[in-house]
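Undergrad: Structure incoming, see below.
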2 protein chains.
Amino acid sequence: MNEARNPDRLSSSGLRFTPQRRHVYHILLQSRDHPAANEVFMRAKKGMPEISMATVYNCLEALVRRGLVRQVNVDRTATRYCPNLEQHCHFYCETCGGIFDVDYDAAGIQSRVTLPEEFSMSQLEVAVRGLCAGCAARKSGRGRKRAEASAP
Amino acid sequence: MNEARNPDRLSSSGLRFTPQRRHVYHILLQSRDHPAANEVFMRAKKGMPEISMATVYNCLEALVRRGLVRQVNVDRTATRYCPNLEQHCHFYCETCGGIFDVDYDAAGIQSRVTLPEEFSMSQLEVAVRGLCAGCAARKSGRGRKRAEASAP
DNA sequence: CTTATAATAAGAATTACTCTAAATATTGAC
DNA sequence: GTCAATATTTAGAGTAATTCTTATTATAAG
């Protein structure tokens, strides 16, 4: 394939389209589960065993700077990365730790925040916490079949 | 004063009402500028010179667990602490780094997030970024008087 | 007063980056 | 293609903000 001669958004935005950056970007696109840098590193090593952690951080930062990837921070856990450019916010499952993209009405939400005089908004972020569908099913199933197993 | 015999929300919620915890809590209530732990530590040392950093972290965690204080995380900078129990969200000034409490319509916002089937929400958080009033004034003032000074 | 339990203090340890410097790769000009 | 200029990669050291450990001290219940 001649991806290098047929540059996608990476190189056309002024970023050098190196094999490492392409590889990291493709890893994010392939499994949209919001991996942290060390998870990206482990996946990246499979197809590119010599890649270093520093390069993974470097690539992720480059992708973020170019707007191809968003950072997702949940409390003080490791930053996770999201290649979904559609408008969305993030849902964090308190049981499994998974992050999910969810739809929201950004304009409607923005209009429901009352900034003080002379303040101006450049960006608004919504973070939702709760229980994801998979964990809800797992909990109710376990509750019916063997309730004793779920208490610590 | 007999605060120890006339317990406030700290001790009545099962938390030991130690001098250190009271002191840390009062520091947060006195200046509502969302200090990070090391700032709380520096302020705490003024009235209690022997207090340790570990104790400041311990006290802050205890207050958070009791719901008297909220943690505020902005990207991966140090966690900051907010004793405002009123419903509000946080505004982060990208110029001065200050955090400000702002009003919002939590219910209206919540209804504008569309969770997938079987997902349930336990908490929703809104973070706003932009320019605060003070920095806006400073910038326009400087812009008019000596524009050359603001470029790096 | 005594005993059980919890909190404090000091410092070591850990996590998730972030920086540094040398080696390597890529791009643009010939 | 070849070469210089510039950017990127790598490995490892360094850092900030916690987090943990252990001995000491304080508090609360009896």
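Residues are named by chain letter and number: chains run A, B, ... in the order of the structure tokens, numbers start at 1 in each chain, and ligands are numbered from 1 in the order shown.
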Which chain D residues are at most 9 Å from chain A (counting only C-alpha atoms (C1' of nucleotides)), as a list in words?
TA: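 Filtering chain D at 9 Å from chain A with only C-alpha atoms (C1' of nucleotides) gives DA7, DT8, DT9, DT10 and DA11 of chain D.
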Undergrad: Write out the residues from the selection above, keeping N, CA and C atoms (P, O5', C5', C4', C3', O3' and C1' of nucleotides), as a CSV table (one decimal), in the first residue's frame.
TA:
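The result, written out as out38.csv:
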chain,number,residue,atom,x,y,z
D,7,DA,P,11.7,21.7,12.4
D,7,DA,O5',11.3,20.2,12.6
D,7,DA,C5',10.7,19.6,11.4
D,7,DA,C4',10.6,18.1,11.7
D,7,DA,C3',9.9,17.8,13.1
D,7,DA,O3',8.9,16.9,12.9
D,7,DA,C1',12.0,16.6,12.9
D,8,DT,P,8.1,16.2,14.0
D,8,DT,O5',8.9,14.9,14.2
D,8,DT,C5',9.0,14.0,13.1
D,8,DT,C4',9.6,12.7,13.6
D,8,DT,C3',9.0,12.1,14.9
D,8,DT,O3',8.7,10.7,14.6
D,8,DT,C1',11.3,12.2,15.2
D,9,DT,P,8.1,9.8,15.7
D,9,DT,O5',9.3,9.0,16.2
D,9,DT,C5',10.1,8.2,15.3
D,9,DT,C4',11.2,7.5,16.0
D,9,DT,C3',10.8,6.7,17.3
D,9,DT,O3',11.3,5.4,17.2
D,9,DT,C1',12.6,8.2,17.7
D,10,DT,P,10.8,4.2,18.2
D,10,DT,O5',12.0,4.2,19.2
D,10,DT,C5',13.3,4.0,18.8
D,10,DT,C4',14.3,4.3,19.9
D,10,DT,C3',13.9,3.7,21.3
D,10,DT,O3',14.8,2.6,21.5
D,10,DT,C1',14.8,5.9,21.5
D,11,DA,P,14.5,1.5,22.7
D,11,DA,O5',15.4,2.1,23.9
D,11,DA,C5',16.7,2.4,23.7
D,11,DA,C4',17.3,3.1,24.9
D,11,DA,C3',16.8,2.5,26.2
D,11,DA,O3',18.0,2.3,27.0
D,11,DA,C1',16.4,4.9,26.2
Undergrad: Return as a PyMOL selection string the residues belonging to chain B that are within 10 Å of chain A, counting only C-alpha atoms.
TA: chain B and resi 71-79+88-94+100-137
Undergrad: If you run DSSP over the backbone, which residues in chain A end up strand (DSSP E)? Put them as a PyMOL selection string.
TA: chain A and resi 70-72+80-82+89-93+99-104+113-114+120-131
Undergrad: Those selected residues, please, written with N, CA and C atoms and delivered as a tab-separated table (two decimals), in the first residue's frame.
TA:
chain	number	residue	atom	x	y	z
A	70	ARG	N	-8.88	12.98	21.01
A	70	ARG	CA	-9.20	13.75	22.22
A	70	ARG	C	-8.65	13.05	23.44
A	71	GLN	N	-8.23	13.81	24.42
A	71	GLN	CA	-7.82	13.22	25.69
A	71	GLN	C	-9.04	13.13	26.59
A	72	VAL	N	-9.10	12.06	27.37
A	72	VAL	CA	-10.20	11.90	28.31
A	72	VAL	C	-9.59	11.67	29.69
A	80	ARG	N	-6.73	8.92	28.97
A	80	ARG	CA	-7.11	7.96	27.95
A	80	ARG	C	-7.39	8.70	26.66
A	81	TYR	N	-7.38	7.97	25.55
A	81	TYR	CA	-7.42	8.63	24.24
A	81	TYR	C	-8.60	8.18	23.40
A	82	CYS	N	-9.22	9.13	22.74
A	82	CYS	CA	-10.46	8.91	21.99
A	82	CYS	C	-10.35	9.48	20.58
A	89	CYS	N	-20.01	13.24	24.48
A	89	CYS	CA	-19.35	13.39	25.77
A	89	CYS	C	-19.05	11.99	26.29
A	90	HIS	N	-18.45	11.89	27.46
A	90	HIS	CA	-18.01	10.59	27.94
A	90	HIS	C	-18.74	10.10	29.17
A	91	PHE	N	-19.00	8.81	29.15
A	91	PHE	CA	-19.64	8.14	30.26
A	91	PHE	C	-18.61	7.21	30.88
A	92	TYR	N	-18.48	7.28	32.18
A	92	TYR	CA	-17.50	6.44	32.88
A	92	TYR	C	-18.24	5.45	33.76
A	93	CYS	N	-18.03	4.17	33.52
A	93	CYS	CA	-18.70	3.15	34.33
A	93	CYS	C	-17.92	2.95	35.63
A	99	ILE	N	-14.98	3.44	29.50
A	99	ILE	CA	-15.44	4.75	29.05
A	99	ILE	C	-16.22	4.55	27.77
A	100	PHE	N	-17.36	5.23	27.66
A	100	PHE	CA	-18.24	5.09	26.50
A	100	PHE	C	-18.58	6.47	25.95
A	101	ASP	N	-18.65	6.57	24.63
A	101	ASP	CA	-19.06	7.82	24.02
A	101	ASP	C	-20.58	7.93	24.08
A	102	VAL	N	-21.08	9.06	24.48
A	102	VAL	CA	-22.54	9.23	24.46
A	102	VAL	C	-22.93	10.55	23.80
A	103	ASP	N	-24.10	10.53	23.18
A	103	ASP	CA	-24.62	11.73	22.51
A	103	ASP	C	-25.08	12.76	23.52
A	104	TYR	N	-24.96	13.99	23.15
A	104	TYR	CA	-25.54	15.05	23.98
A	104	TYR	C	-25.81	16.27	23.13
A	113	VAL	N	-25.67	26.96	31.30
A	113	VAL	CA	-24.61	27.34	32.23
A	113	VAL	C	-24.61	28.86	32.26
A	114	THR	N	-24.68	29.43	33.46
A	114	THR	CA	-24.78	30.88	33.59
A	114	THR	C	-23.44	31.46	34.01
A	120	SER	N	-15.94	34.52	29.38
A	120	SER	CA	-16.29	33.94	28.08
A	120	SER	C	-15.84	32.48	28.01
A	121	MET	N	-16.66	31.69	27.35
A	121	MET	CA	-16.47	30.25	27.29
A	121	MET	C	-15.76	29.85	26.00
A	122	SER	N	-14.76	29.02	26.09
A	122	SER	CA	-14.14	28.55	24.86
A	122	SER	C	-14.44	27.07	24.64
A	123	GLN	N	-14.80	26.39	25.70
A	123	GLN	CA	-15.03	24.97	25.59
A	123	GLN	C	-15.86	24.48	26.78
A	124	LEU	N	-16.71	23.49	26.52
A	124	LEU	CA	-17.51	22.93	27.60
A	124	LEU	C	-17.41	21.42	27.52
A	125	GLU	N	-17.23	20.80	28.67
A	125	GLU	CA	-17.07	19.35	28.70
A	125	GLU	C	-18.05	18.74	29.68
A	126	VAL	N	-18.67	17.65	29.29
A	126	VAL	CA	-19.60	16.97	30.18
A	126	VAL	C	-19.05	15.57	30.47
A	127	ALA	N	-19.05	15.19	31.71
A	127	ALA	CA	-18.62	13.84	32.09
A	127	ALA	C	-19.73	13.20	32.90
A	128	VAL	N	-20.12	11.99	32.52
A	128	VAL	CA	-21.20	11.30	33.19
A	128	VAL	C	-20.62	10.05	33.84
A	129	ARG	N	-21.09	9.75	35.04
A	129	ARG	CA	-20.69	8.53	35.71
A	129	ARG	C	-21.90	7.67	35.98
A	130	GLY	N	-21.67	6.39	36.11
A	130	GLY	CA	-22.78	5.51	36.43
A	130	GLY	C	-22.44	4.07	36.14
A	131	LEU	N	-23.43	3.34	35.71
A	131	LEU	CA	-23.30	1.91	35.49
A	131	LEU	C	-23.60	1.64	34.02
Undergrad: What are the nearest atom pairs, with distances in Å to one decimal, for all residues of chain D that come at most 9 Å from stretch 5-26 of chain C, using only C-alpha atoms (C1' of nucleotides), set out by chain and rising residue number as a tab-separated table?
TA:
residue	atom	partner	partner_atom	distance
D:DT6	C1'	C:DT26	C1'	8.7
D:DA7	C1'	C:DT26	C1'	7.6
D:DT8	C1'	C:DA25	C1'	7.1
D:DT9	C1'	C:DT24	C1'	7.1
D:DT10	C1'	C:DA23	C1'	8.1
D:DA13	C1'	C:DT20	C1'	8.0
D:DG14	C1'	C:DC19	C1'	7.2
D:DT15	C1'	C:DT18	C1'	7.5
D:DT18	C1'	C:DT15	C1'	8.5
D:DT19	C1'	C:DT14	C1'	7.2
D:DC20	C1'	C:DA13	C1'	7.0
D:DT21	C1'	C:DA12	C1'	7.9
D:DT24	C1'	C:DA9	C1'	8.2
D:DT25	C1'	C:DT8	C1'	7.2
D:DA26	C1'	C:DA7	C1'	7.2
D:DT27	C1'	C:DA6	C1'	7.7
D:DA28	C1'	C:DT5	C1'	8.5
Undergrad: Would you put the residues from that selection into a file with N, CA and C atoms (P, O5', C5', C4', C3', O3' and C1' of nucleotides), as a compact mmCIF listing (two decimals), in the first residue's frame?
TA:
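Everything below was put into part_16.txt:
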# COMPACT_ATOMS: atom_id res chain seq x y z
P DT D 6 17.10 24.48 9.48
O5' DT D 6 16.08 23.31 9.86
C5' DT D 6 15.03 22.96 8.94
C4' DT D 6 14.30 21.76 9.47
C3' DT D 6 13.94 21.86 10.96
O3' DT D 6 12.53 21.66 11.06
C1' DT D 6 14.91 19.76 10.48
P DA D 7 11.75 21.72 12.43
O5' DA D 7 11.29 20.21 12.55
C5' DA D 7 10.72 19.55 11.42
C4' DA D 7 10.56 18.09 11.72
C3' DA D 7 9.93 17.81 13.09
O3' DA D 7 8.91 16.85 12.86
C1' DA D 7 11.99 16.65 12.89
P DT D 8 8.09 16.23 13.98
O5' DT D 8 8.86 14.85 14.22
C5' DT D 8 9.03 13.95 13.14
C4' DT D 8 9.64 12.66 13.63
C3' DT D 8 8.99 12.09 14.90
O3' DT D 8 8.71 10.72 14.64
C1' DT D 8 11.34 12.24 15.18
P DT D 9 8.06 9.78 15.71
O5' DT D 9 9.32 8.97 16.23
C5' DT D 9 10.06 8.17 15.32
C4' DT D 9 11.20 7.48 16.03
C3' DT D 9 10.80 6.71 17.29
O3' DT D 9 11.30 5.37 17.17
C1' DT D 9 12.62 8.19 17.75
P DT D 10 10.81 4.24 18.16
O5' DT D 10 11.98 4.19 19.22
C5' DT D 10 13.33 4.04 18.78
C4' DT D 10 14.31 4.27 19.92
C3' DT D 10 13.90 3.66 21.26
O3' DT D 10 14.80 2.58 21.55
C1' DT D 10 14.75 5.88 21.52
P DA D 13 19.20 5.71 33.66
O5' DA D 13 19.23 7.22 34.18
C5' DA D 13 19.94 8.20 33.43
C4' DA D 13 19.27 9.55 33.63
C3' DA D 13 18.95 9.86 35.09
O3' DA D 13 19.30 11.21 35.35
C1' DA D 13 16.96 10.00 33.78
P DG D 14 19.00 11.87 36.83
O5' DG D 14 17.59 12.57 36.60
C5' DG D 14 17.45 13.53 35.55
C4' DG D 14 16.12 14.21 35.68
C3' DG D 14 15.76 14.58 37.12
O3' DG D 14 15.25 15.91 37.10
C1' DG D 14 14.03 13.25 36.17
P DT D 15 14.85 16.66 38.47
O5' DT D 15 13.26 16.56 38.42
C5' DT D 15 12.59 16.96 37.22
C4' DT D 15 11.10 16.83 37.44
C3' DT D 15 10.64 17.21 38.86
O3' DT D 15 9.62 18.17 38.70
C1' DT D 15 9.71 15.13 38.19
P DT D 18 -2.49 15.77 43.81
O5' DT D 18 -1.94 15.11 45.15
C5' DT D 18 -2.43 13.90 45.62
C4' DT D 18 -1.86 12.72 44.85
C3' DT D 18 -2.21 11.42 45.51
O3' DT D 18 -2.69 10.51 44.54
C1' DT D 18 0.14 11.56 45.22
P DT D 19 -3.73 9.41 45.02
O5' DT D 19 -2.86 8.38 45.86
C5' DT D 19 -2.10 7.40 45.16
C4' DT D 19 -1.27 6.60 46.13
C3' DT D 19 -2.04 6.04 47.33
O3' DT D 19 -1.87 4.63 47.25
C1' DT D 19 0.02 6.98 48.00
P DC D 20 -2.47 3.59 48.29
O5' DC D 20 -1.17 3.15 49.10
C5' DC D 20 0.02 2.86 48.38
C4' DC D 20 1.16 2.61 49.36
C3' DC D 20 0.77 1.80 50.59
O3' DC D 20 1.73 0.77 50.71
C1' DC D 20 1.87 3.81 51.22
P DT D 21 1.53 -0.39 51.86
O5' DT D 21 2.60 0.05 52.96
C5' DT D 21 3.91 0.43 52.54
C4' DT D 21 4.77 0.71 53.76
C3' DT D 21 4.38 -0.06 55.01
O3' DT D 21 5.56 -0.53 55.63
C1' DT D 21 4.35 2.26 55.46
P DT D 24 8.37 4.29 67.95
O5' DT D 24 7.35 5.52 68.05
C5' DT D 24 7.62 6.69 67.27
C4' DT D 24 6.46 7.66 67.43
C3' DT D 24 6.00 7.90 68.86
O3' DT D 24 5.96 9.30 69.07
C1' DT D 24 4.15 7.42 67.46
P DT D 25 5.62 9.88 70.58
O5' DT D 25 4.09 10.29 70.38
C5' DT D 25 3.74 11.15 69.29
C4' DT D 25 2.24 11.28 69.22
C3' DT D 25 1.57 11.60 70.55
O3' DT D 25 0.81 12.78 70.36
C1' DT D 25 0.42 9.87 69.42
P DA D 26 -0.02 13.44 71.58
O5' DA D 26 -1.51 13.14 71.13
C5' DA D 26 -1.91 13.49 69.81
C4' DA D 26 -3.31 12.99 69.57
C3' DA D 26 -4.32 13.38 70.65
O3' DA D 26 -5.44 13.88 69.97
C1' DA D 26 -4.39 11.04 70.26
P DT D 27 -6.63 14.55 70.81
O5' DT D 27 -7.76 13.43 70.72
C5' DT D 27 -8.16 12.97 69.43
C4' DT D 27 -9.16 11.86 69.58
C3' DT D 27 -10.26 12.15 70.59
O3' DT D 27 -11.50 11.98 69.92
C1' DT D 27 -9.30 10.02 70.99
P DA D 28 -12.89 12.22 70.66
O5' DA D 28 -13.31 10.72 70.98
C5' DA D 28 -13.29 9.75 69.94
C4' DA D 28 -13.92 8.47 70.46
C3' DA D 28 -15.10 8.70 71.38
O3' DA D 28 -16.08 7.71 71.08
C1' DA D 28 -13.38 7.56 72.56
Undergrad: Please compute the atom CA of B:Pro83-atom CA of B:Leu68 distance, one decimal, in Å.
TA: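 Those two atoms sit 6.2 Å apart.
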Undergrad: For a test of reading the model, state the distance in Å between atom CA of B:Met42 and atom CA of B:Gly98, rounded to one decimal.
TA: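 Distance between the two atoms: 18.0 Å.
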Undergrad: Which residues in stretch 21-132 of chain B does DSSP call helix (DSSP H, G or I)? List them as a ChimeraX atom specification.
TA: /B:21-30,37-47,53-65,106-110
Undergrad: What does the distance between atom CA of B:Ala37 and atom CA of B:Leu60 come to in Å, to one decimal place?
TA: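 The value is 7.9 Å.
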Undergrad: With distances taken over only C-alpha atoms (C1' of nucleotides), which of B:Glu39, B:Asp33, B:Gly47, B:Phe17 is nearest to chain C?
TA: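 Smallest separation from chain C among the options: B:Phe17.
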Undergrad: Rank nothing, just name the residue among A:Tyr57, A:Val24, A:Pro49, A:Ala44 nearest to chain C, using only C-alpha atoms (C1' of nucleotides).
TA: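 Of all the options, A:Tyr57 lies closest to chain C.
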Undergrad: Do a neighbour search on C:DA29 at 12 Å with only C-alpha atoms (C1' of nucleotides), toss out local chain neighbours closer than 6 positions, and write the hits as a list in words.
TA: DT2, DC3, DA4 and DA5 of chain D
Undergrad: If you keep all heavy atoms, can you produce a file of those selected residues as a PDB file, in the first residue's frame?
TA:
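Written file, result-v3.pdb:
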ATOM      1  P    DT D   2      22.869   8.398  -4.618  1.00  0.00           P
ATOM      2  OP1  DT D   2      24.192   7.953  -5.142  1.00  0.00           O
ATOM      3  OP2  DT D   2      22.209   7.631  -3.558  1.00  0.00           O
ATOM      4  O5'  DT D   2      23.009   9.917  -4.176  1.00  0.00           O
ATOM      5  C5'  DT D   2      23.778  10.819  -4.994  1.00  0.00           C
ATOM      6  C4'  DT D   2      24.031  12.100  -4.211  1.00  0.00           C
ATOM      7  O4'  DT D   2      22.820  12.896  -4.169  1.00  0.00           O
ATOM      8  C3'  DT D   2      24.452  11.878  -2.751  1.00  0.00           C
ATOM      9  O3'  DT D   2      25.477  12.837  -2.474  1.00  0.00           O
ATOM     10  C2'  DT D   2      23.163  12.132  -1.967  1.00  0.00           C
ATOM     11  C1'  DT D   2      22.494  13.205  -2.819  1.00  0.00           C
ATOM     12  N1   DT D   2      21.003  13.299  -2.793  1.00  0.00           N
ATOM     13  C2   DT D   2      20.439  14.544  -2.881  1.00  0.00           C
ATOM     14  O2   DT D   2      21.084  15.568  -2.945  1.00  0.00           O
ATOM     15  N3   DT D   2      19.051  14.544  -2.905  1.00  0.00           N
ATOM     16  C4   DT D   2      18.213  13.447  -2.846  1.00  0.00           C
ATOM     17  O4   DT D   2      16.999  13.593  -2.893  1.00  0.00           O
ATOM     18  C5   DT D   2      18.865  12.173  -2.741  1.00  0.00           C
ATOM     19  C7   DT D   2      18.053  10.916  -2.672  1.00  0.00           C
ATOM     20  C6   DT D   2      20.221  12.148  -2.719  1.00  0.00           C
ATOM     21  P    DC D   3      26.285  12.834  -1.051  1.00  0.00           P
ATOM     22  OP1  DC D   3      27.738  12.966  -1.328  1.00  0.00           O
ATOM     23  OP2  DC D   3      25.777  11.699  -0.233  1.00  0.00           O
ATOM     24  O5'  DC D   3      25.797  14.209  -0.404  1.00  0.00           O
ATOM     25  C5'  DC D   3      25.578  15.361  -1.242  1.00  0.00           C
ATOM     26  C4'  DC D   3      24.953  16.465  -0.397  1.00  0.00           C
ATOM     27  O4'  DC D   3      23.509  16.370  -0.479  1.00  0.00           O
ATOM     28  C3'  DC D   3      25.309  16.405   1.092  1.00  0.00           C
ATOM     29  O3'  DC D   3      25.613  17.720   1.551  1.00  0.00           O
ATOM     30  C2'  DC D   3      24.049  15.848   1.746  1.00  0.00           C
ATOM     31  C1'  DC D   3      22.946  16.356   0.819  1.00  0.00           C
ATOM     32  N1   DC D   3      21.728  15.504   0.758  1.00  0.00           N
ATOM     33  C2   DC D   3      20.466  16.120   0.588  1.00  0.00           C
ATOM     34  O2   DC D   3      20.396  17.349   0.499  1.00  0.00           O
ATOM     35  N3   DC D   3      19.363  15.335   0.507  1.00  0.00           N
ATOM     36  C4   DC D   3      19.476  14.008   0.607  1.00  0.00           C
ATOM     37  N4   DC D   3      18.343  13.292   0.508  1.00  0.00           N
ATOM     38  C5   DC D   3      20.727  13.359   0.778  1.00  0.00           C
ATOM     39  C6   DC D   3      21.819  14.141   0.850  1.00  0.00           C
ATOM     40  P    DA D   4      26.269  17.934   3.015  1.00  0.00           P
ATOM     41  OP1  DA D   4      27.595  18.590   2.885  1.00  0.00           O
ATOM     42  OP2  DA D   4      26.151  16.680   3.789  1.00  0.00           O
ATOM     43  O5'  DA D   4      25.264  19.012   3.596  1.00  0.00           O
ATOM     44  C5'  DA D   4      24.868  20.109   2.780  1.00  0.00           C
ATOM     45  C4'  DA D   4      23.559  20.671   3.278  1.00  0.00           C
ATOM     46  O4'  DA D   4      22.495  19.700   3.070  1.00  0.00           O
ATOM     47  C3'  DA D   4      23.559  20.988   4.776  1.00  0.00           C
ATOM     48  O3'  DA D   4      22.932  22.261   4.952  1.00  0.00           O
ATOM     49  C2'  DA D   4      22.745  19.858   5.404  1.00  0.00           C
ATOM     50  C1'  DA D   4      21.774  19.512   4.281  1.00  0.00           C
ATOM     51  N9   DA D   4      21.292  18.122   4.265  1.00  0.00           N
ATOM     52  C8   DA D   4      22.029  16.975   4.414  1.00  0.00           C
ATOM     53  N7   DA D   4      21.325  15.875   4.320  1.00  0.00           N
ATOM     54  C5   DA D   4      20.028  16.325   4.105  1.00  0.00           C
ATOM     55  C6   DA D   4      18.808  15.641   3.922  1.00  0.00           C
ATOM     56  N6   DA D   4      18.695  14.313   3.924  1.00  0.00           N
ATOM     57  N1   DA D   4      17.701  16.395   3.736  1.00  0.00           N
ATOM     58  C2   DA D   4      17.817  17.723   3.728  1.00  0.00           C
ATOM     59  N3   DA D   4      18.910  18.479   3.877  1.00  0.00           N
ATOM     60  C4   DA D   4      19.987  17.704   4.069  1.00  0.00           C
ATOM     61  P    DA D   5      22.870  22.964   6.379  1.00  0.00           P
ATOM     62  OP1  DA D   5      23.119  24.420   6.231  1.00  0.00           O
ATOM     63  OP2  DA D   5      23.668  22.158   7.323  1.00  0.00           O
ATOM     64  O5'  DA D   5      21.319  22.779   6.717  1.00  0.00           O
ATOM     65  C5'  DA D   5      20.347  23.289   5.793  1.00  0.00           C
ATOM     66  C4'  DA D   5      18.958  23.000   6.348  1.00  0.00           C
ATOM     67  O4'  DA D   5      18.680  21.589   6.224  1.00  0.00           O
ATOM     68  C3'  DA D   5      18.807  23.355   7.830  1.00  0.00           C
ATOM     69  O3'  DA D   5      17.543  23.998   8.004  1.00  0.00           O
ATOM     70  C2'  DA D   5      18.873  22.007   8.531  1.00  0.00           C
ATOM     71  C1'  DA D   5      18.282  21.070   7.481  1.00  0.00           C
ATOM     72  N9   DA D   5      18.764  19.688   7.533  1.00  0.00           N
ATOM     73  C8   DA D   5      20.032  19.248   7.803  1.00  0.00           C
ATOM     74  N7   DA D   5      20.158  17.946   7.767  1.00  0.00           N
ATOM     75  C5   DA D   5      18.883  17.488   7.438  1.00  0.00           C
ATOM     76  C6   DA D   5      18.352  16.203   7.241  1.00  0.00           C
ATOM     77  N6   DA D   5      19.069  15.073   7.348  1.00  0.00           N
ATOM     78  N1   DA D   5      17.044  16.103   6.939  1.00  0.00           N
ATOM     79  C2   DA D   5      16.322  17.233   6.831  1.00  0.00           C
ATOM     80  N3   DA D   5      16.700  18.491   6.988  1.00  0.00           N
ATOM     81  C4   DA D   5      18.016  18.553   7.299  1.00  0.00           C
TER      82       DA D   5
END
Undergrad: Return the single residue from A:Ala36, A:Met48, A:Leu63, A:Leu28 that is closest to chain C, with distances computed using only C-alpha atoms (C1' of nucleotides).
TA: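 Closest to chain C of all the choices is A:Ala36.
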